[in-house]
Structures are given as structure tokens and as C-alpha cells.
$ cat entry22.tsv   # TSV, C-alpha atoms
chain	number	residue	atom	x	y	z
A	25	MET	CA	-14.21	-35.73	21.46
A	26	GLU	CA	-11.03	-37.74	21.89
A	27	ARG	CA	-7.90	-35.71	22.58
A	28	SER	CA	-4.44	-37.21	22.61
A	29	LEU	CA	-2.30	-35.99	25.48
A	30	PRO	CA	1.48	-36.18	25.02
A	31	ASN	CA	2.86	-39.32	26.69
A	32	ARG	CA	5.80	-39.33	29.10
A	33	ARG	CA	8.35	-40.13	26.41
A	34	ALA	CA	7.26	-37.22	24.25
A	35	VAL	CA	7.42	-34.82	27.18
A	36	LEU	CA	10.86	-35.97	28.24
A	37	THR	CA	12.44	-35.93	24.79
A	38	THR	CA	11.03	-32.47	24.02
A	39	ALA	CA	12.22	-31.08	27.35
A	40	SER	CA	15.70	-32.54	27.08
A	41	ALA	CA	16.06	-31.32	23.49
A	42	GLY	CA	15.13	-27.84	24.68
A	43	LEU	CA	17.65	-27.99	27.52
A	44	LEU	CA	20.37	-29.20	25.18
A	45	MET	CA	19.75	-26.35	22.74
A	46	GLY	CA	19.90	-23.83	25.57
A	47	ALA	CA	23.16	-25.29	26.86
A	48	MET	CA	24.73	-25.18	23.40
A	49	GLY	CA	23.91	-21.51	22.85
A	50	PRO	CA	27.20	-20.14	24.22
A	51	LEU	CA	29.13	-22.60	22.03
A	52	ALA	CA	27.69	-21.11	18.82
A	53	PRO	CA	30.20	-19.03	16.84
A	54	ALA	CA	30.24	-15.36	17.76
A	55	ARG	CA	27.79	-13.87	15.28
A	56	ALA	CA	29.08	-10.32	15.62
A	57	GLN	CA	32.19	-11.31	13.68
A	58	THR	CA	30.08	-11.77	10.56
A	59	LEU	CA	27.45	-9.03	10.91
A	60	ALA	CA	25.93	-8.62	7.45
A	61	PRO	CA	25.48	-5.13	5.96
A	62	THR	CA	21.96	-3.69	5.77
A	63	PRO	CA	20.73	-3.83	2.17
A	64	THR	CA	19.00	-0.82	0.62
A	65	MET	CA	15.22	-1.27	0.70
A	66	ARG	CA	12.99	-0.93	-2.35
A	67	GLY	CA	11.62	2.60	-2.58
A	68	GLY	CA	14.03	3.75	0.14
A	69	ALA	CA	15.50	6.59	-1.91
A	70	ASN	CA	12.15	8.01	-3.05
A	71	ASN	CA	11.89	11.79	-2.50
A	72	TYR	CA	15.44	11.90	-1.07
A	73	ARG	CA	17.08	15.33	-0.96
A	74	PRO	CA	20.86	15.00	-1.27
A	75	GLY	CA	22.67	17.02	1.37
A	76	ALA	CA	19.67	18.03	3.49
A	77	PRO	CA	21.06	20.12	6.37
A	78	ILE	CA	21.88	18.83	9.85
A	79	VAL	CA	19.14	20.17	12.14
A	80	GLU	CA	18.33	20.23	15.84
A	81	ARG	CA	14.94	18.77	14.98
A	82	ILE	CA	12.62	18.60	11.98
A	83	GLY	CA	9.68	21.03	12.31
A	84	GLY	CA	7.73	21.05	15.56
A	85	GLY	CA	8.70	17.57	16.69
A	86	GLY	CA	6.66	15.06	18.68
A	87	PHE	CA	7.94	11.89	16.97
A	88	TRP	CA	11.35	10.30	17.57
A	89	MET	CA	13.36	8.59	14.86
A	90	THR	CA	16.11	6.65	16.63
A	91	GLY	CA	18.64	4.06	15.61
A	92	THR	CA	22.09	2.57	15.55
A	93	VAL	CA	24.88	2.69	12.99
A	94	ARG	CA	27.42	-0.14	13.09
A	95	ARG	CA	30.16	-1.50	10.86
A	96	ALA	CA	29.53	-4.68	8.92
A	97	GLY	CA	31.63	-7.61	10.01
A	98	ASP	CA	32.68	-6.75	13.58
A	99	GLY	CA	29.60	-4.67	14.50
A	100	ALA	CA	31.69	-1.80	15.85
A	101	PRO	CA	29.59	1.31	16.57
A	102	LEU	CA	30.25	4.14	14.11
A	103	ALA	CA	30.45	7.65	15.55
A	104	GLY	CA	29.85	10.87	13.59
A	105	ARG	CA	28.03	9.26	10.69
A	106	ARG	CA	25.47	11.43	8.91
A	107	ILE	CA	21.94	10.03	8.64
A	108	GLN	CA	19.16	11.84	6.72
A	109	VAL	CA	15.56	11.30	7.79
A	110	TRP	CA	12.33	12.22	5.93
A	111	ALA	CA	8.68	11.19	5.85
A	112	HIS	CA	5.13	12.31	5.19
A	113	THR	CA	4.21	13.97	8.49
A	114	THR	CA	1.56	16.18	10.01
A	115	GLU	CA	3.63	19.11	8.71
A	116	GLY	CA	4.37	18.17	5.14
A	117	HIS	CA	4.74	15.76	2.25
A	118	GLU	CA	7.87	13.66	1.70
A	119	ARG	CA	9.06	15.82	-1.16
A	120	ASP	CA	8.87	19.07	0.89
A	121	ALA	CA	12.26	20.38	2.04
A	122	ARG	CA	10.85	21.04	5.52
A	123	SER	CA	10.13	17.31	5.92
A	124	HIS	CA	13.86	16.50	5.68
A	125	GLY	CA	16.70	16.76	8.15
A	126	ALA	CA	20.00	15.09	8.99
A	127	THR	CA	21.76	14.20	12.22
A	128	LEU	CA	25.07	12.64	13.31
A	129	THR	CA	25.62	9.52	15.38
A	130	ASP	CA	27.16	9.88	18.85
A	131	ALA	CA	30.20	8.07	20.24
A	132	LYS	CA	28.15	4.89	20.72
A	133	GLY	CA	26.90	4.92	17.13
A	134	LEU	CA	23.42	6.04	18.20
A	135	PHE	CA	21.31	8.68	16.47
A	136	ARG	CA	18.11	10.31	17.59
A	137	ILE	CA	16.19	13.08	15.85
A	138	GLU	CA	12.82	14.58	16.68
A	139	MET	CA	10.38	15.23	13.87
A	140	PRO	CA	6.62	15.76	13.36
A	141	GLN	CA	4.32	12.74	13.71
A	142	ILE	CA	4.58	10.41	10.71
A	143	VAL	CA	1.16	9.79	9.11
A	144	PRO	CA	0.21	7.05	6.64
A	145	ALA	CA	0.96	8.02	3.06
A	146	PHE	CA	0.88	5.93	-0.11
A	147	GLY	CA	-0.82	3.19	1.83
A	148	GLN	CA	1.57	2.67	4.74
A	149	PRO	CA	2.83	4.64	7.77
A	150	HIS	CA	6.53	4.67	6.93
A	151	GLY	CA	9.71	6.66	7.24
A	152	HIS	CA	12.80	7.07	5.06
A	153	LEU	CA	16.42	7.12	6.18
A	154	ALA	CA	19.62	7.46	4.21
A	155	TYR	CA	23.33	7.00	4.74
A	156	ASP	CA	24.75	8.71	1.66
A	157	ALA	CA	28.44	8.15	0.94
A	158	ALA	CA	28.48	11.37	-1.13
A	159	HIS	CA	27.66	13.45	1.98
A	160	ASP	CA	29.72	11.66	4.64
A	161	GLU	CA	33.47	11.25	5.18
A	162	GLY	CA	33.12	7.80	6.75
A	163	GLY	CA	33.88	5.79	3.64
A	164	PHE	CA	30.95	3.38	3.72
A	165	GLU	CA	28.58	2.32	0.98
A	166	THR	CA	25.30	4.23	0.53
A	167	VAL	CA	22.16	2.70	2.09
A	168	PHE	CA	18.54	3.85	1.76
A	169	LEU	CA	15.92	2.44	4.15
A	170	ARG	CA	12.11	2.60	4.17
A	171	PRO	CA	10.91	1.08	7.47
A	172	VAL	CA	7.16	0.62	8.00
A	173	MET	CA	5.68	1.42	11.43
A	174	ALA	CA	3.88	-1.43	13.21
A	175	ARG	CA	0.99	0.94	13.98
A	176	ALA	CA	0.14	4.36	12.56
A	177	SER	CA	-0.24	5.58	16.18
A	178	ASP	CA	3.43	4.82	17.05
A	179	THR	CA	5.37	7.90	18.13
A	180	THR	CA	8.83	6.42	17.66
A	181	LEU	CA	10.64	4.29	15.11
A	182	ASN	CA	13.96	2.54	15.73
A	183	VAL	CA	16.17	1.67	12.79
A	184	ALA	CA	19.45	-0.26	12.56
A	185	PHE	CA	22.13	0.52	9.96
A	186	VAL	CA	24.99	-1.90	9.36
A	187	LEU	CA	27.33	-0.23	6.88
A	188	GLN	CA	29.70	-1.90	4.45
A	189	PRO	CA	33.16	-0.29	4.23
A	190	ALA	CA	33.52	0.96	0.65
B	15	MET	CA	-39.86	0.18	-12.37
B	16	PRO	CA	-40.56	-2.82	-10.11
B	17	ARG	CA	-42.20	-2.17	-6.78
B	18	ASP	CA	-38.92	-2.51	-4.87
B	19	GLY	CA	-37.11	-0.25	-7.34
B	20	TRP	CA	-36.68	2.64	-4.96
B	21	ALA	CA	-35.51	0.30	-2.22
B	22	ARG	CA	-32.78	-1.03	-4.52
B	23	TRP	CA	-31.56	2.45	-5.39
B	24	ALA	CA	-31.65	3.45	-1.73
B	25	ALA	CA	-29.63	0.36	-0.79
B	26	LEU	CA	-27.06	1.20	-3.47
B	27	ALA	CA	-26.90	4.82	-2.27
B	28	LEU	CA	-26.19	3.58	1.25
B	29	ALA	CA	-23.64	0.97	0.12
B	30	ILE	CA	-21.69	3.70	-1.67
B	31	GLY	CA	-22.56	6.71	0.48
B	32	ILE	CA	-21.55	5.28	3.85
B	33	PRO	CA	-17.94	4.36	2.91
B	34	LEU	CA	-17.60	7.66	1.02
B	35	ALA	CA	-18.84	9.66	4.01
B	36	ALA	CA	-16.57	7.69	6.35
B	37	ALA	CA	-13.56	8.37	4.10
B	38	ALA	CA	-14.50	12.06	3.96
B	39	ARG	CA	-14.12	12.16	7.76
B	40	SER	CA	-10.65	10.58	7.72
B	41	PRO	CA	-8.12	12.43	9.88
B	42	LEU	CA	-5.50	11.78	7.18
B	43	LEU	CA	-7.17	14.36	4.91
B	44	GLN	CA	-5.94	17.30	7.01
B	45	TRP	CA	-2.34	16.40	6.18
B	46	ARG	CA	-2.80	15.99	2.44
B	47	ASP	CA	-2.69	18.39	-0.50
B	48	PRO	CA	-5.87	18.79	-2.58
B	49	ILE	CA	-4.40	16.81	-5.48
B	50	TYR	CA	-3.58	13.86	-3.18
B	51	ILE	CA	-7.11	14.01	-1.69
B	52	LEU	CA	-8.58	14.07	-5.20
B	53	ALA	CA	-6.48	11.04	-6.20
B	54	GLY	CA	-7.64	9.14	-3.12
B	55	PHE	CA	-11.32	9.85	-3.63
B	56	ALA	CA	-11.06	8.94	-7.31
B	57	GLY	CA	-9.97	5.54	-6.00
B	58	VAL	CA	-12.86	5.26	-3.51
B	59	LEU	CA	-15.39	6.29	-6.17
B	60	GLY	CA	-13.83	3.84	-8.58
B	61	LEU	CA	-14.34	1.01	-6.11
B	62	ALA	CA	-17.98	2.12	-5.79
B	63	LEU	CA	-18.47	2.04	-9.57
B	64	ILE	CA	-17.05	-1.49	-9.64
B	65	LEU	CA	-20.10	-2.38	-7.54
B	66	VAL	CA	-22.44	-0.56	-9.94
B	67	GLN	CA	-21.11	-2.25	-13.10
B	68	PRO	CA	-22.12	-5.86	-12.33
B	69	LEU	CA	-25.43	-4.68	-10.82
B	70	LEU	CA	-26.28	-3.00	-14.13
B	71	ILE	CA	-25.44	-6.17	-16.05
B	72	LEU	CA	-27.55	-8.22	-13.64
B	73	GLY	CA	-30.51	-5.93	-14.30
B	74	ALA	CA	-30.65	-5.19	-10.58
B	75	LEU	CA	-30.98	-1.43	-11.03
B	76	PRO	CA	-34.38	-0.67	-12.55
B	77	GLY	CA	-35.38	2.45	-14.44
B	78	LEU	CA	-32.17	2.75	-16.48
B	79	PRO	CA	-31.13	1.59	-19.93
B	80	ALA	CA	-28.74	-0.85	-18.25
B	81	ARG	CA	-26.42	-1.61	-21.19
B	82	ARG	CA	-25.95	2.03	-22.09
B	83	ALA	CA	-25.46	2.96	-18.43
B	84	HIS	CA	-22.84	0.18	-18.15
B	85	ARG	CA	-20.89	1.83	-20.99
B	86	TRP	CA	-21.05	5.29	-19.45
B	87	VAL	CA	-20.13	4.04	-16.00
B	88	GLY	CA	-17.26	2.09	-17.58
B	89	ALA	CA	-15.96	5.22	-19.30
B	90	THR	CA	-16.25	7.11	-16.00
B	91	LEU	CA	-14.31	4.32	-14.26
B	92	VAL	CA	-11.46	4.66	-16.77
B	93	ALA	CA	-11.40	8.42	-16.12
B	94	LEU	CA	-11.34	7.87	-12.34
B	95	VAL	CA	-8.46	5.40	-12.64
B	96	LEU	CA	-6.49	7.94	-14.69
B	97	ILE	CA	-7.21	10.67	-12.11
B	98	HIS	CA	-6.18	8.27	-9.31
B	99	VAL	CA	-2.85	7.35	-10.92
B	100	GLY	CA	-2.20	10.88	-12.22
B	101	GLY	CA	-2.94	12.52	-8.86
B	102	LEU	CA	-0.66	10.10	-7.04
B	103	TRP	CA	2.02	10.68	-9.67
B	104	ILE	CA	1.91	14.43	-9.04
B	105	THR	CA	2.00	13.82	-5.28
B	106	SER	CA	5.02	11.49	-5.33
B	107	PRO	CA	6.40	10.64	-8.78
B	108	PRO	CA	9.01	8.05	-7.70
B	109	ASP	CA	6.46	6.00	-5.75
B	110	VAL	CA	4.14	5.75	-8.78
B	111	VAL	CA	7.02	4.98	-11.15
B	112	ASP	CA	8.03	2.11	-8.82
B	113	VAL	CA	4.49	0.72	-8.99
B	114	LEU	CA	4.34	0.93	-12.79
B	115	LEU	CA	7.73	-0.85	-13.02
B	116	PHE	CA	6.66	-3.60	-10.56
B	117	ARG	CA	9.41	-2.68	-8.08
B	118	SER	CA	7.34	-1.03	-5.35
B	119	PRO	CA	7.90	-2.21	-1.75
B	120	THR	CA	4.18	-2.07	-0.92
B	121	PRO	CA	2.28	-5.38	-1.12
B	122	PHE	CA	-0.84	-3.81	-2.65
B	123	SER	CA	0.87	-2.29	-5.68
B	124	ASN	CA	0.90	-5.33	-7.93
B	125	TRP	CA	-2.81	-5.84	-7.26
B	126	ALA	CA	-3.27	-2.23	-8.36
B	127	MET	CA	-1.38	-2.99	-11.55
B	128	LEU	CA	-3.59	-6.03	-12.18
B	129	ALA	CA	-6.73	-3.91	-11.73
B	130	LEU	CA	-5.31	-1.07	-13.84
B	131	ALA	CA	-4.45	-3.40	-16.70
B	132	ALA	CA	-7.85	-5.08	-16.44
B	133	VAL	CA	-9.77	-1.77	-16.52
B	134	LEU	CA	-7.87	-0.67	-19.62
B	135	ALA	CA	-8.32	-4.10	-21.23
B	136	ALA	CA	-12.06	-4.15	-20.49
B	137	ALA	CA	-12.44	-0.67	-21.96
B	138	LEU	CA	-10.36	-1.51	-25.02
B	139	LEU	CA	-12.41	-4.64	-25.65
B	140	ALA	CA	-15.62	-2.67	-25.28
B	141	ALA	CA	-14.42	0.01	-27.68
B	142	THR	CA	-13.51	-2.56	-30.33
B	143	ARG	CA	-16.35	-4.96	-29.65
B	144	ARG	CA	-17.87	-4.70	-33.13
B	145	ARG	CA	-14.64	-5.97	-34.68
B	146	LEU	CA	-14.25	-8.88	-32.24
B	147	ALA	CA	-15.58	-12.40	-32.49
B	148	PRO	CA	-18.48	-12.59	-29.99
B	149	ARG	CA	-16.83	-15.48	-28.16
B	150	PHE	CA	-13.53	-13.61	-27.82
B	151	TRP	CA	-15.35	-10.49	-26.62
B	152	ARG	CA	-17.36	-12.43	-24.08
B	153	ILE	CA	-14.46	-14.38	-22.56
B	154	GLY	CA	-12.11	-11.40	-22.63
B	155	HIS	CA	-14.51	-8.94	-21.02
B	156	ARG	CA	-15.50	-11.47	-18.35
B	157	ILE	CA	-11.87	-12.24	-17.42
B	158	ALA	CA	-11.18	-8.50	-17.27
B	159	GLY	CA	-14.24	-8.00	-15.06
B	160	ALA	CA	-13.11	-10.67	-12.62
B	161	ALA	CA	-9.58	-9.22	-12.50
B	162	ILE	CA	-10.94	-5.71	-11.91
B	163	GLY	CA	-13.08	-6.87	-8.97
B	164	ILE	CA	-10.48	-9.08	-7.29
B	165	GLY	CA	-7.51	-6.82	-7.98
B	166	THR	CA	-9.23	-3.66	-6.77
B	167	VAL	CA	-10.63	-5.21	-3.60
B	168	ILE	CA	-7.28	-6.68	-2.52
B	169	HIS	CA	-5.53	-3.43	-3.47
B	170	ALA	CA	-7.96	-1.38	-1.38
B	171	TRP	CA	-7.97	-3.80	1.53
B	172	LEU	CA	-4.16	-3.81	1.99
B	173	ILE	CA	-3.96	-0.01	2.05
B	174	THR	CA	-3.90	2.11	5.18
B	175	GLY	CA	-5.69	5.10	3.73
B	176	THR	CA	-8.68	7.34	4.11
B	177	MET	CA	-11.27	4.54	3.92
B	178	GLN	CA	-12.57	3.38	7.29
B	179	PRO	CA	-11.91	-0.38	7.73
B	180	LEU	CA	-15.45	-1.63	8.45
B	181	SER	CA	-17.22	0.27	5.66
B	182	LYS	CA	-14.36	-0.61	3.32
B	183	ALA	CA	-14.80	-4.29	4.16
B	184	LEU	CA	-18.56	-4.16	3.59
B	185	LEU	CA	-18.25	-2.36	0.25
B	186	SER	CA	-15.50	-4.81	-0.78
B	187	LEU	CA	-17.68	-7.82	0.03
B	188	LEU	CA	-20.57	-6.33	-1.95
B	189	VAL	CA	-18.24	-5.76	-4.91
B	190	LEU	CA	-16.99	-9.36	-4.81
B	191	ALA	CA	-20.52	-10.74	-4.48
B	192	ALA	CA	-21.87	-8.62	-7.34
B	193	VAL	CA	-18.95	-9.48	-9.63
B	194	ALA	CA	-19.34	-13.17	-8.82
B	195	MET	CA	-23.10	-13.01	-9.51
B	196	ALA	CA	-22.65	-11.22	-12.82
B	197	LEU	CA	-19.92	-13.63	-13.97
B	198	ARG	CA	-21.54	-16.86	-12.78
B	199	PRO	CA	-21.76	-19.50	-15.50
B	200	ARG	CA	-25.02	-19.27	-17.41
B	201	PRO	CA	-26.29	-20.02	-20.87
B	202	ARG	CA	-25.12	-17.72	-23.59
B	203	PRO	CA	-27.60	-14.90	-24.11
B	204	PRO	CA	-29.16	-14.52	-27.54
B	205	ARG	CA	-27.46	-11.91	-29.69
B	206	ARG	CA	-29.35	-8.70	-29.78
B	207	PRO	CA	-28.98	-6.07	-32.48
B	208	GLU	CA	-27.28	-2.97	-31.11

$ encode --input "entry22.tsv" --output "C-alpha cells"
Amino acid sequence: MERSLPNRRAVLTTASAGLLMGAMGPLAPARAQTLAPTPTMRGGANNYRPGAPIVERIGGGGFWMTGTVRRAGDGAPLAGRRIQVWAHTTEGHERDARSHGATLTDAKGLFRIEMPQIVPAFGQPHGHLAYDAAHDEGGFETVFLRPVMARASDTTLNVAFVLQPA
Amino acid sequence: MPRDGWARWAALALAIGIPLAAAARSPLLQWRDPIYILAGFAGVLGLALILVQPLLILGALPGLPARRAHRWVGATLVALVLIHVGGLWITSPPDVVDVLLFRSPTPFSNWAMLALAAVLAAALLAATRRRLAPRFWRIGHRIAGAAIGIGTVIHAWLITGTMQPLSKALLSLLVLAAVAMALRPRPRPPRRPE
């Protein structure tokens, strides 16, 4: 079978185009200045419990829900923001109160809460997270997220919030 | 009954029994309420009956009054679909409402809606068959049958649930093959008095 190998011109133009793009990277406008807010996901608010308490961990633990909370526009980390987490886990259904818990972000805008292992429910292994303006003093718009795990066997899920000032 | 009659029934029992048994061993069951488990198995059984329906029409299952059995299995399928949707609704109302309003985030939900609509349409057509023009009945019920097979198989395939992937794939392929065989173009059958 005949196979066409790239000729010298093709190799050189491709390589120099690649180099040029790499060199121009630092010249691109600083993207952080225009960080877009995270939109609410479809189904994100399902089985939400407004005002679920802040807890050390949800149930027996074993799974880590982690993430970042930043401000739209400049990307500044947001400390002390309240994030609620819930899911169908080895210890309960999404609608059960014991499947819900909230935590606050630290000085770097990071949050981290331990919970029971998430198991596939309604067809996908997924979690729910909420930033609810009605239960936080931060003054940002409410966002509900419903991230899907890459694999049902994952024991951690990392989620990024970019909040829009209200 | 033809000589291979028992072999056919045994093959059908295996085609349905193996995926059912595999689903019954799913680790997910230990973390589900009985009503959610019931809803899930109504779905698995429904998929199995969608294999039986075209086989009955093809005359592949000897020893039964095929047309009458097709009606009873169809009625059972409608009941299983209602148990499936109802059980899921009780388990998580907002998720089912999202599906019914075509705003669910899951990629399999609209295929479920296609199959749901097609099952209800097929049943409605069957219930009113005597008042329908034969041509309208025939085309309508065939389109519904194709939509039921395709919609259900894609719906089931995209779901991470209690069904084990390999046996789910095999049952799905059998369903598609049987539906395609039953719906293949062929001369119009002579009208028979009911």
C-alpha cells in the first residue's frame, strides 16, 4: 500500500507555525481579567435543601468533594463562601437530609468536604453543589452545579465556581 | 410445536434470564430503596419484553396463540413503563419532571421520552384498531414499534445502572435484530377476521 510521507516543506511549515504560536502565548491578553461566571447546570438544583447545616463531614466520609470559589471578572479567590454539597451515596438518597451538608471556603477560596462514596443514581455518578445567595452574605448570584464523575469508582470530585457579583 | 420449539424457548429464557440475573447481582442495589429497585427492574423487564414482542409477530415462539400473546405482552409492557416512571418519580420527583419537560441534563432522557411516547402510541393504536383504516393502523403501529426498539436500546445503553454492560449489549442487539426482522418490508398480509 502506498503511504505518503510529509515532505520537507510540510514538516518545516508545521514546525515553525507551532513555534510561532508558542512564542505568541505570553502576548495574549490576560484571560483572568474576563473570567466568565459559572452558569447553573440543568438539574443542578434537584433535591436541594435550602440552608442545610455546615458540617465537619457528611456521614461516614470516604469521598472528597473539593473545589474553588472565585469572583467573575478578575478571578479573585473568595473566602468564607458557603457551598452546599449533596448526592446519592452509599449512605442515602439525594433527597435525604443526611446526604446534605455545607462548608465554607478558606482564605484561598478553596473548599473541601468529606462525604460518603457517591454511587451512580438516575443513570450517572454525579454530585450536586450549590452557592445560594439566600444563605450567604457574600452578595453573589446563586449557582447550582451537577458535575458528573469521569468514573463511578472515583473517590474525589473537584469543582470550580466562578461567581457573579449580584 | 416444531421440533426445535423447546430450544427456541430455552434460548429466549437465556437471552432474558442472563441480563436479569446479572442486574440482580448489581452492587448498586444495596444503596437503593425498594421502590427505586422496583422501578429499575421494571425497566429491565420492559427491555426484555421488547424482545418478545417482535418474536411473537415473527411466529418464532411456537406453542402460543401469537397474536393474543402479543396483545397481553403489550399491555404488560405499558404497565411496566408506568411502574418504571412512577417508581423513579417517587424516588426523585424533580429528576423525572425534568425528563418529562425535556430539560434533563442526562443524554439518555430524550430517548426515554421517545420510547415512552411510542409505547403509549402503539398501545393506543392497538386499542382503537377496529376504528382505524388498516393502512393507518399498519404504518402507525410499525413506526411506533421501530421507535420503541431504537429509543429503548439507546436509553438503556447510555445509562450507568444495574444492568451489566456485556449482557445489556447482547440483549440490546437481540432486541434491535428482532425489531428489524419483524418490521422488514414484506407483502401485506391478507386480512384475517378477528

$ atom_distance --input "entry22.tsv" --atom1 "atom CA of A:Glu118" --atom2 "atom CA of A:Gly68"
11.8 Å

$ residues_around --input "entry22.tsv" --residues "stretch 96-110 of chain B" --least-positions-apart "2" --cutoff "8 Å" --atoms "all atoms listed in the file" --output "ChimeraX atom specification"
/A:67,70-71,118-119,146 /B:49-50,52-57,92-94,112-114,118

$ closest_atom_pairs --input "entry22.tsv" --of "stretch 52-107 of chain A" --to "stretch 122-137 of chain A" --cutoff "10 Å" --atoms "all atoms listed in the file" --output "Markdown table"
| residue | atom | partner | partner_atom | distance |
| --- | --- | --- | --- | --- |
| A:Asn71 | CA | A:His124 | CA | 9.6 |
| A:Tyr72 | CA | A:His124 | CA | 8.3 |
| A:Arg73 | CA | A:His124 | CA | 7.5 |
| A:Pro74 | CA | A:His124 | CA | 10.0 |
| A:Gly75 | CA | A:Ala126 | CA | 8.3 |
| A:Ala76 | CA | A:Gly125 | CA | 5.7 |
| A:Pro77 | CA | A:Ala126 | CA | 5.8 |
| A:Ile78 | CA | A:Ala126 | CA | 4.3 |
| A:Val79 | CA | A:Gly125 | CA | 5.8 |
| A:Glu80 | CA | A:Ile137 | CA | 7.5 |
| A:Arg81 | CA | A:Ile137 | CA | 5.9 |
| A:Ile82 | CA | A:Gly125 | CA | 5.9 |
| A:Gly83 | CA | A:Arg122 | CA | 6.9 |
| A:Gly85 | CA | A:Ile137 | CA | 8.8 |
| A:Phe87 | CA | A:Ile137 | CA | 8.4 |
| A:Trp88 | CA | A:Ile137 | CA | 5.8 |
| A:Met89 | CA | A:Ile137 | CA | 5.4 |
| A:Thr90 | CA | A:Arg136 | CA | 4.3 |
| A:Gly91 | CA | A:Phe135 | CA | 5.4 |
| A:Thr92 | CA | A:Leu134 | CA | 4.6 |
| A:Val93 | CA | A:Gly133 | CA | 5.1 |
| A:Arg94 | CA | A:Gly133 | CA | 6.5 |
| A:Arg95 | CA | A:Gly133 | CA | 9.5 |
| A:Ala100 | CA | A:Gly133 | CA | 8.4 |
| A:Pro101 | CA | A:Gly133 | CA | 4.5 |
| A:Leu102 | CA | A:Gly133 | CA | 4.6 |
| A:Ala103 | CA | A:Ala131 | CA | 4.7 |
| A:Gly104 | CA | A:Thr129 | CA | 4.8 |
| A:Arg105 | CA | A:Leu128 | CA | 5.2 |
| A:Arg106 | CA | A:Leu128 | CA | 4.6 |
| A:Ile107 | CA | A:Ala126 | CA | 5.4 |

$ interface_residues --input "entry22.tsv" --of "chain A" --to "chain B" --cutoff "6 Å" --atoms "only C-alpha atoms" --output "PyMOL selection string"
chain A and resi 66+70+114+147-148

$ write_last_selection --input "entry22.tsv" --atoms "C-alpha atoms" --output "PDB file, keeping the file's coordinate frame"
ATOM      1  CA  ARG A  66      12.990  -0.930  -2.350  1.00  0.00           C
ATOM      2  CA  ASN A  70      12.150   8.010  -3.050  1.00  0.00           C
ATOM      3  CA  THR A 114       1.560  16.180  10.010  1.00  0.00           C
ATOM      4  CA  GLY A 147      -0.820   3.190   1.830  1.00  0.00           C
ATOM      5  CA  GLN A 148       1.570   2.670   4.740  1.00  0.00           C
TER       6      GLN A 148
END

$ atom_distance --input "entry22.tsv" --atom1 "atom CA of B:Leu70" --atom2 "atom CA of B:Ala132"
18.7 Å

$ residues_around --input "entry22.tsv" --residues "stretch 167-181 of chain A" --least-positions-apart "3" --cutoff "6 Å" --atoms "all atoms listed in the file" --output "NGL selection string"
:A and (64-65 or 68-69 or 87-89 or 149-155)

$ residues_near_point --input "entry22.tsv" --point "(21.7, -0.6, 7.9)" --cutoff "7 Å" --atoms "only C-alpha atoms" --output "NGL selection string"
:A and (61-63 or 93 or 167 or 184-187)

$ atom_distance --input "entry22.tsv" --atom1 "atom CA of B:Trp125" --atom2 "atom CA of B:Gly165"
4.9 Å

$ residues_around --input "entry22.tsv" --residues "B:Ala137" --least-positions-apart "3" --cutoff "10 Å" --atoms "all atoms listed in the file" --output "PyMOL selection string"
chain B and resi 85+88-89+91-92+131-134+140-143+155+158

$ axis_aligned_box --input "entry22.tsv" --around "stretch 130-146 of chain A" --padding-each-side "5 Å" --output "AutoDock Vina command-line options"
--center_x 15.2 --center_y 10.3 --center_z 10.3 --size_x 40.0 --size_y 20.9 --size_z 30.8

$ residues_around --input "entry22.tsv" --residues "B:Leu69" --least-positions-apart "4" --cutoff "10 Å" --atoms "all atoms listed in the file" --output "MDAnalysis selection string"
chainID B and resid 26 63:65 73:76 80 84 189 192:193 195:196

$ closest_residue --input "entry22.tsv" --among "B:Pro68, B:Pro199, B:Gly60, B:Gly19" --to "B:Thr166" --atoms "only C-alpha atoms"
B:Gly60

$ residues_around --input "entry22.tsv" --residues "B:Val58" --least-positions-apart "4" --cutoff "8 Å" --atoms "all atoms listed in the file" --output "list in words"
Leu34, Gly54, Ala62 and Met177 of chain B

$ build_atoms --input "entry22.tsv" --residues "stretch 33-45 of chain B" --atoms "N, CA and C atoms" --output "short mmCIF file (atom, residue, chain, number, x, y, z; two decimals), in the coordinates of the input"
data_model
loop_
_atom_site.label_atom_id
_atom_site.label_comp_id
_atom_site.auth_asym_id
_atom_site.auth_seq_id
_atom_site.Cartn_x
_atom_site.Cartn_y
_atom_site.Cartn_z
N PRO B 33 -19.41 4.35 2.96
CA PRO B 33 -17.94 4.36 2.91
C PRO B 33 -17.37 5.68 2.43
N LEU B 34 -18.09 6.35 1.49
CA LEU B 34 -17.60 7.66 1.02
C LEU B 34 -17.62 8.68 2.15
N ALA B 35 -18.73 8.70 2.90
CA ALA B 35 -18.84 9.66 4.01
C ALA B 35 -17.80 9.36 5.08
N ALA B 36 -17.57 8.06 5.35
CA ALA B 36 -16.57 7.69 6.35
C ALA B 36 -15.18 8.14 5.91
N ALA B 37 -14.87 7.95 4.61
CA ALA B 37 -13.56 8.37 4.10
C ALA B 37 -13.42 9.89 4.16
N ALA B 38 -14.54 10.59 3.94
CA ALA B 38 -14.50 12.06 3.96
C ALA B 38 -14.22 12.60 5.36
N ARG B 39 -14.41 11.75 6.37
CA ARG B 39 -14.12 12.16 7.76
C ARG B 39 -12.75 11.70 8.23
N SER B 40 -11.96 11.11 7.31
CA SER B 40 -10.65 10.58 7.72
C SER B 40 -9.73 11.68 8.24
N PRO B 41 -9.08 11.44 9.38
CA PRO B 41 -8.12 12.43 9.88
C PRO B 41 -6.94 12.64 8.93
N LEU B 42 -6.66 11.65 8.08
CA LEU B 42 -5.50 11.78 7.18
C LEU B 42 -5.66 12.95 6.21
N LEU B 43 -6.93 13.34 5.93
CA LEU B 43 -7.17 14.36 4.91
C LEU B 43 -6.52 15.69 5.28
N GLN B 44 -6.47 15.99 6.60
CA GLN B 44 -5.94 17.30 7.01
C GLN B 44 -4.45 17.45 6.72
N TRP B 45 -3.78 16.33 6.45
CA TRP B 45 -2.34 16.40 6.18
C TRP B 45 -2.02 16.13 4.72
#
